[in-house]
Structures are given as C-alpha cells and as structure tokens.
$ cat structure16.tsv   # TSV, C-alpha atoms
chain	number	residue	atom	x	y	z
N	1	MET	CA	291.52	-82.29	280.26
N	2	SER	CA	292.91	-78.94	281.28
N	3	THR	CA	292.34	-77.59	284.74
N	4	ALA	CA	293.08	-74.33	286.49
N	5	THR	CA	293.34	-73.45	290.19
N	6	ARG	CA	291.38	-70.46	291.37
N	7	ILE	CA	292.72	-68.19	294.04
N	8	ASP	CA	290.33	-69.70	296.58
N	9	GLY	CA	291.80	-73.18	295.93
N	10	THR	CA	288.91	-74.67	293.93
N	11	LEU	CA	289.32	-76.16	290.55
N	12	ASN	CA	287.99	-74.33	287.50
N	13	GLN	CA	287.24	-76.65	284.58
N	14	GLU	CA	287.57	-75.37	281.04
N	15	GLY	CA	287.02	-76.89	277.60
N	16	PRO	CA	284.48	-79.46	276.34
N	17	ALA	CA	283.60	-80.84	279.71
N	18	ALA	CA	282.51	-77.45	280.95
N	19	THR	CA	280.34	-76.97	277.87
N	20	ALA	CA	278.59	-80.30	278.31
N	21	LEU	CA	277.53	-79.41	281.78
N	22	ALA	CA	275.72	-76.24	280.65
N	23	PRO	CA	271.91	-76.59	280.96
N	24	PRO	CA	269.97	-76.84	277.61
N	25	PRO	CA	268.15	-73.69	276.43
N	26	LYS	CA	264.44	-73.51	277.10
N	27	LEU	CA	262.13	-73.30	274.05
N	28	ARG	CA	259.56	-70.54	274.24
N	29	ARG	CA	256.12	-71.56	272.93
N	30	ARG	CA	253.95	-68.92	271.29
N	31	PRO	CA	250.26	-69.97	271.40
N	32	ALA	CA	249.21	-67.10	269.13
N	33	LEU	CA	251.44	-68.28	266.29
N	34	ILE	CA	250.22	-71.86	266.65
N	35	ALA	CA	246.59	-70.74	266.55
N	36	ALA	CA	247.26	-68.59	263.48
N	37	ALA	CA	248.89	-71.52	261.68
N	38	ILE	CA	245.96	-73.82	262.47
N	39	GLY	CA	243.53	-71.14	261.28
N	40	ALA	CA	245.42	-70.71	258.01
N	41	VAL	CA	245.29	-74.45	257.37
N	42	CYS	CA	241.53	-74.53	258.03
N	43	ILE	CA	240.86	-71.56	255.75
N	44	GLY	CA	242.92	-73.14	253.00
N	45	ALA	CA	240.94	-76.35	253.29
N	46	LEU	CA	237.63	-74.44	253.12
N	47	LEU	CA	238.72	-72.48	250.05
N	48	ALA	CA	239.86	-75.64	248.32
N	49	GLY	CA	236.52	-77.31	249.05
N	50	TRP	CA	234.60	-74.28	247.78
N	51	ALA	CA	236.65	-74.14	244.59
N	52	TRP	CA	236.09	-77.84	243.95
N	53	THR	CA	232.35	-77.52	244.53
N	54	ALA	CA	232.07	-74.46	242.32
N	55	THR	CA	233.89	-76.06	239.42
N	56	THR	CA	232.03	-79.35	239.63
N	57	ASN	CA	228.58	-77.63	239.76
N	58	THR	CA	229.13	-75.39	236.72
N	59	GLN	CA	227.92	-76.33	233.27
N	60	GLU	CA	227.99	-74.82	229.80
N	61	VAL	CA	224.55	-73.56	228.81
N	62	LEU	CA	222.94	-71.47	226.08
N	63	VAL	CA	221.97	-67.82	226.64
N	64	ALA	CA	220.55	-65.16	224.33
N	65	ARG	CA	223.10	-62.74	222.83
N	66	HIS	CA	220.29	-60.19	222.43
N	67	SER	CA	216.56	-60.01	223.02
N	68	ILE	CA	214.60	-62.63	221.04
N	69	GLU	CA	210.92	-61.93	220.46
N	70	ARG	CA	208.34	-64.63	220.94
N	71	GLY	CA	207.75	-66.50	217.69
N	72	ALA	CA	211.06	-65.49	216.10
N	73	VAL	CA	213.10	-68.24	214.44
N	74	ILE	CA	216.25	-68.78	216.51
N	75	GLU	CA	219.53	-68.53	214.60
N	76	ALA	CA	223.00	-69.60	215.74
N	77	ASP	CA	224.08	-65.95	215.99
N	78	ASP	CA	221.26	-65.34	218.49
N	79	LEU	CA	222.89	-67.64	221.06
N	80	ALA	CA	226.06	-67.75	223.12
N	81	ARG	CA	227.73	-70.47	225.20
N	82	VAL	CA	228.30	-69.54	228.84
N	83	ARG	CA	229.66	-71.61	231.72
N	84	LEU	CA	227.88	-70.89	234.97
N	85	SER	CA	226.55	-72.47	238.11
N	86	ALA	CA	222.85	-72.95	237.42
N	87	ASP	CA	220.06	-74.08	239.69
N	88	PRO	CA	219.22	-77.67	238.65
N	89	ALA	CA	215.54	-76.84	239.10
N	90	LEU	CA	215.72	-74.53	236.08
N	91	LYS	CA	216.80	-77.33	233.72
N	92	PRO	CA	218.83	-75.07	231.42
N	93	VAL	CA	219.47	-76.04	227.81
N	94	SER	CA	222.97	-77.47	227.49
N	95	ALA	CA	225.36	-75.86	225.01
N	96	SER	CA	225.71	-79.28	223.38
N	97	GLN	CA	222.10	-78.89	222.12
N	98	LEU	CA	222.89	-75.81	220.01
N	99	GLU	CA	222.19	-77.53	216.68
N	100	GLU	CA	218.85	-78.81	217.99
N	101	ILE	CA	217.76	-75.34	219.13
N	102	VAL	CA	218.72	-73.49	215.93
N	103	GLY	CA	215.72	-73.35	213.61
N	104	GLN	CA	213.13	-73.59	216.36
N	105	ARG	CA	210.96	-70.65	217.42
N	106	ALA	CA	211.02	-68.73	220.67
N	107	ALA	CA	207.99	-69.80	222.70
N	108	MET	CA	208.24	-66.60	224.76
N	109	ASP	CA	210.17	-63.35	224.82
N	110	ILE	CA	213.79	-64.10	225.80
N	111	ALA	CA	215.70	-61.15	227.26
N	112	GLU	CA	219.32	-60.41	226.39
N	113	GLY	CA	221.52	-62.66	228.51
N	114	GLY	CA	218.54	-64.84	229.43
N	115	MET	CA	219.23	-68.54	229.92
N	116	LEU	CA	217.32	-70.89	227.63
N	117	THR	CA	215.16	-73.62	229.12
N	118	PRO	CA	213.15	-76.31	227.34
N	119	GLY	CA	210.05	-74.13	227.70
N	120	SER	CA	211.77	-71.21	225.94
N	121	VAL	CA	211.57	-72.81	222.50
N	122	THR	CA	209.05	-74.67	220.42
N	123	ALA	CA	209.35	-76.85	217.34
N	124	GLU	CA	205.77	-76.09	216.30
N	125	VAL	CA	205.46	-75.67	212.54
N	126	VAL	CA	203.53	-72.62	211.34
N	127	PRO	CA	201.14	-72.99	209.62
N	128	ARG	CA	199.99	-76.47	210.56
N	129	GLU	CA	197.73	-78.66	208.48
N	130	GLY	CA	194.39	-76.90	207.95
N	131	GLN	CA	195.81	-73.42	208.58
N	132	SER	CA	197.07	-70.60	206.37
N	133	VAL	CA	199.11	-67.45	206.88
N	134	VAL	CA	197.84	-64.24	205.28
N	135	GLY	CA	199.92	-61.07	205.23
N	136	VAL	CA	198.49	-57.59	205.63
N	137	ALA	CA	200.22	-54.22	205.33
N	138	LEU	CA	198.71	-51.71	207.73
N	139	THR	CA	198.93	-47.95	207.93
N	140	PRO	CA	199.04	-46.33	211.40
N	141	ALA	CA	195.29	-45.67	211.07
N	142	GLN	CA	194.55	-49.35	210.48
N	143	ALA	CA	196.71	-50.83	213.25
N	144	PRO	CA	196.45	-50.65	217.05
N	145	GLY	CA	198.69	-48.16	218.81
N	146	LEU	CA	200.25	-50.95	220.87
N	147	ASP	CA	203.07	-52.96	219.36
N	148	LEU	CA	201.77	-56.27	218.08
N	149	GLN	CA	203.45	-59.44	219.35
N	150	TYR	CA	203.65	-63.04	218.28
N	151	GLY	CA	200.62	-64.90	219.60
N	152	ASP	CA	198.35	-61.84	219.87
N	153	ARG	CA	194.74	-62.60	219.04
N	154	VAL	CA	193.23	-60.06	216.66
N	155	ARG	CA	190.16	-59.41	214.54
N	156	VAL	CA	190.28	-58.15	210.98
N	157	VAL	CA	187.28	-55.81	210.72
N	158	VAL	CA	185.75	-54.72	207.41
N	159	THR	CA	185.41	-50.94	207.32
N	160	PRO	CA	182.14	-49.25	206.20
N	161	ALA	CA	183.38	-48.46	202.69
N	162	GLN	CA	183.17	-52.15	201.83
N	163	VAL	CA	180.02	-53.15	203.66
N	164	GLU	CA	177.64	-52.33	200.79
N	165	GLU	CA	179.54	-54.66	198.46
N	166	LEU	CA	179.18	-57.69	200.75
N	167	PRO	CA	176.39	-60.24	200.36
N	168	ALA	CA	173.78	-60.15	203.12
N	169	GLY	CA	174.74	-62.18	206.16
N	170	THR	CA	178.47	-62.18	205.39
N	171	PRO	CA	180.52	-61.83	208.61
N	172	LEU	CA	182.29	-58.51	208.79
N	173	THR	CA	185.23	-59.80	210.83
N	174	ASN	CA	187.83	-62.54	210.73
N	175	ASP	CA	189.53	-63.90	213.82
N	176	ALA	CA	193.27	-64.43	213.47
N	177	THR	CA	196.49	-64.91	215.43
N	178	VAL	CA	199.62	-62.83	214.86
N	179	VAL	CA	202.61	-65.00	213.89
N	180	GLY	CA	204.92	-62.32	212.50
N	181	VAL	CA	205.41	-58.54	212.59
N	182	ASN	CA	207.87	-56.34	210.71
N	183	VAL	CA	208.03	-52.85	209.29
N	184	SER	CA	208.49	-52.33	205.55
N	185	GLU	CA	211.52	-50.14	204.86
N	186	GLU	CA	210.04	-49.04	201.54
N	187	THR	CA	206.56	-47.95	202.67
N	188	GLY	CA	206.92	-47.64	206.45
N	189	GLN	CA	203.81	-49.76	206.87
N	190	THR	CA	203.53	-52.49	209.48
N	191	VAL	CA	203.36	-55.89	207.80
N	192	VAL	CA	201.55	-58.45	209.95
N	193	ASP	CA	201.37	-62.18	209.26
N	194	LEU	CA	198.01	-63.58	210.37
N	195	LEU	CA	197.32	-67.24	211.09
N	196	VAL	CA	193.76	-68.23	210.13
N	197	PRO	CA	191.84	-71.41	209.32
N	198	LYS	CA	192.47	-72.48	205.73
N	199	ALA	CA	188.78	-72.06	204.88
N	200	ASP	CA	188.91	-68.34	205.81
N	201	ALA	CA	192.15	-67.48	204.00
N	202	ALA	CA	190.67	-66.65	200.58
N	203	VAL	CA	187.95	-64.38	201.97
N	204	LEU	CA	190.40	-62.60	204.26
N	205	ALA	CA	192.92	-62.08	201.46
N	206	THR	CA	190.19	-60.58	199.28
N	207	ARG	CA	189.17	-58.15	201.99
N	208	ILE	CA	192.76	-57.16	202.68
N	209	ALA	CA	193.34	-56.47	198.99
N	210	THR	CA	190.70	-53.72	199.02
N	211	GLY	CA	192.50	-51.88	201.82
N	212	ASN	CA	189.19	-51.34	203.59
N	213	ILE	CA	190.02	-53.16	206.82
N	214	ALA	CA	191.26	-52.42	210.32
N	215	LEU	CA	193.04	-54.64	212.80
N	216	VAL	CA	191.64	-54.91	216.33
N	217	LEU	CA	193.75	-56.30	219.18
N	218	GLU	CA	191.89	-58.64	221.55
N	219	ALA	CA	192.60	-59.23	225.23
N	220	ARG	CA	196.08	-60.55	225.94
N	221	GLU	CA	194.99	-62.40	229.08
N	222	ARG	CA	195.35	-66.16	228.76

$ encode --input "structure16.tsv" --output "structure tokens"
Amino acid sequence: MSTATRIDGTLNQEGPAATALAPPPKLRRRPALIAAAIGAVCIGALLAGWAWTATTNTQEVLVARHSIERGAVIEADDLARVRLSADPALKPVSASQLEEIVGQRAAMDIAEGGMLTPGSVTAEVVPREGQSVVGVALTPAQAPGLDLQYGDRVRVVVTPAQVEELPAGTPLTNDATVVGVNVSEETGQTVVDLLVPKADAAVLATRIATGNIALVLEARER
C-alpha cells in the first residue's frame, strides 16, 4: 500500500484502499415514473381483456346485400357473411345456415345491411293445398296509387261494363292476397300475382280476361 505524508504530518492514503472507503452513491427514487409504469401495465391488461372479450363474442352471421322485399325468394347473391358482435337476444342466423336460407321467402321487408333472424324468413310454400295463384296485368287506372306489397289484402272488383253479363246474385268482387308484384318491361303494366281459394280461381281468371276489373287495396293494419 502506498502512503504519502502531508505537510501537516498526517498520512494521506491513495489507491484501492482509499476507493473502498468512499461512501456508496444514493439512489434517487422517482415516484412519478413508478406510477406511470404501473398505470401502463394496468392499461395494457385492460386492453388485452377487451380484445379477448371482443373476439370471443363475435360470430359470423348473414346480412342482406341489398333490400329484400317481403315475399321475395332469397337467393345466395342476396346475402353476405359478416363477422360482428351481436346481441344474443336477437338470435341472428349463422352464416353456416346459408344453404338452408337460400330458396326460402322473406317474411318481412329486409333492409340493405339488415341482419337476418329466424323470423326474417319463411319456408311457407305458395300456393298451399286448396289455393291458387292468378295473375293480373293492371293499367294505372286499374291499380291503387300506392305500391302493392307482398301480403297486401285486396279485392278484385268487377267494373260496370261487365255487370250486365253476370247472372243475378253473382258476387261482384273477389278477395285475394298479393304474393308477387312486378312491372312488365314490354307493356309497362303492373303484373300482380293474387292468392285465392282454388274454388274462386276460375271465376276470377275469367273476369280478369275481360279487362273489366279494378284492384282495391284493403287496410294494411293487422
């Protein structure tokens, strides 16, 4: 060990021994940084939990690519598969049921982007046993001003020009339900498919053939 004598006669130690005697440095704690670190950990945990919950609650469901009118036959091109977080109370139709839905009819109007539910579709066959569908082409003067919709209840009314040719006591109207509506590109007339009891189909078709009829829309309240 090397030593040196100071002018005042005391010893002055140098080298490793002097270094070992130096007091250790004091660590400075920063509470703000510690709090920030703890906060970051907590936020990360919350985000991870939210992401896990969001991904586990999503499901692939069927939605309408475009508006589907009530009564229309649903085609595969009418539907799209979308993954979303849906309220279980809505009971959406799973995308895995696509083949089961195609070919069924819309039980109600389905808006573009609307999610399908079991109540949105129906497998009801039209016409059923004991029913018939009769088509009628109507001019603007023969049809209501309102757009006809699937399920509308209507009356086919015989116009005065045909009344004299009918046997006495013959009803001048036929009750029917609309099951299809389209516009003829050739004539511009509105072609309406009417669901009627099978027993009334022949009489109604005969009246329609004369052209002397008018279609009356009944109340839409159910």

$ closest_residue --input "structure16.tsv" --among "N:Gly71, N:Gly119, N:Gly188, N:Pro160" --to "Pro140 in chain N" --atoms "only C-alpha atoms"
N:Gly188

$ atom_distance --input "structure16.tsv" --atom1 "CA of Ala214 in chain N" --atom2 "CA of Leu195 in chain N"
16.0 Å

$ residues_around --input "structure16.tsv" --residues "Thr159 in chain N" --least-positions-apart "3" --cutoff "10 Å" --atoms "all atoms listed in the file" --output "VMD selection string"
chain N and resid 142 156 162 to 163 172 to 173 207 211 to 214

$ closest_residue --input "structure16.tsv" --among "N:Glu186, N:Glu129, N:Asp175, N:Glu60" --to "Val93 in chain N" --atoms "only C-alpha atoms"
N:Glu60

$ closest_residue --input "structure16.tsv" --among "N:Ser120, N:Thr206, N:Gln59, N:Thr139" --to "Ser96 in chain N" --atoms "only C-alpha atoms"
N:Gln59

$ residues_near_point --input "structure16.tsv" --point "(215.2, -53.4, 222.4)" --cutoff "10 Å" --atoms "all atoms listed in the file" --output "list in words"
His66, Ser67, Ile68, Glu69, Ala111 and Glu112 of chain N

$ atom_distance --input "structure16.tsv" --atom1 "CA of Ala107 in chain N" --atom2 "CA of Gln189 in chain N"
25.9 Å

$ atom_distance --input "structure16.tsv" --atom1 "CA of Leu90 in chain N" --atom2 "CA of Gly113 in chain N"
15.2 Å

$ closest_residue --input "structure16.tsv" --among "N:Thr122, N:Asp200, N:Leu79, N:Ala205" --to "Met108 in chain N" --atoms "all atoms listed in the file"
N:Thr122

$ closest_residue --input "structure16.tsv" --among "N:Ala89, N:Ala72, N:Val179, N:Val216" --to "Val126 in chain N" --atoms "only C-alpha atoms"
N:Val179

$ closest_residue --input "structure16.tsv" --among "N:Val196, N:Val73, N:Leu215, N:Ile208" --to "Ile101 in chain N" --atoms "only C-alpha atoms"
N:Val73
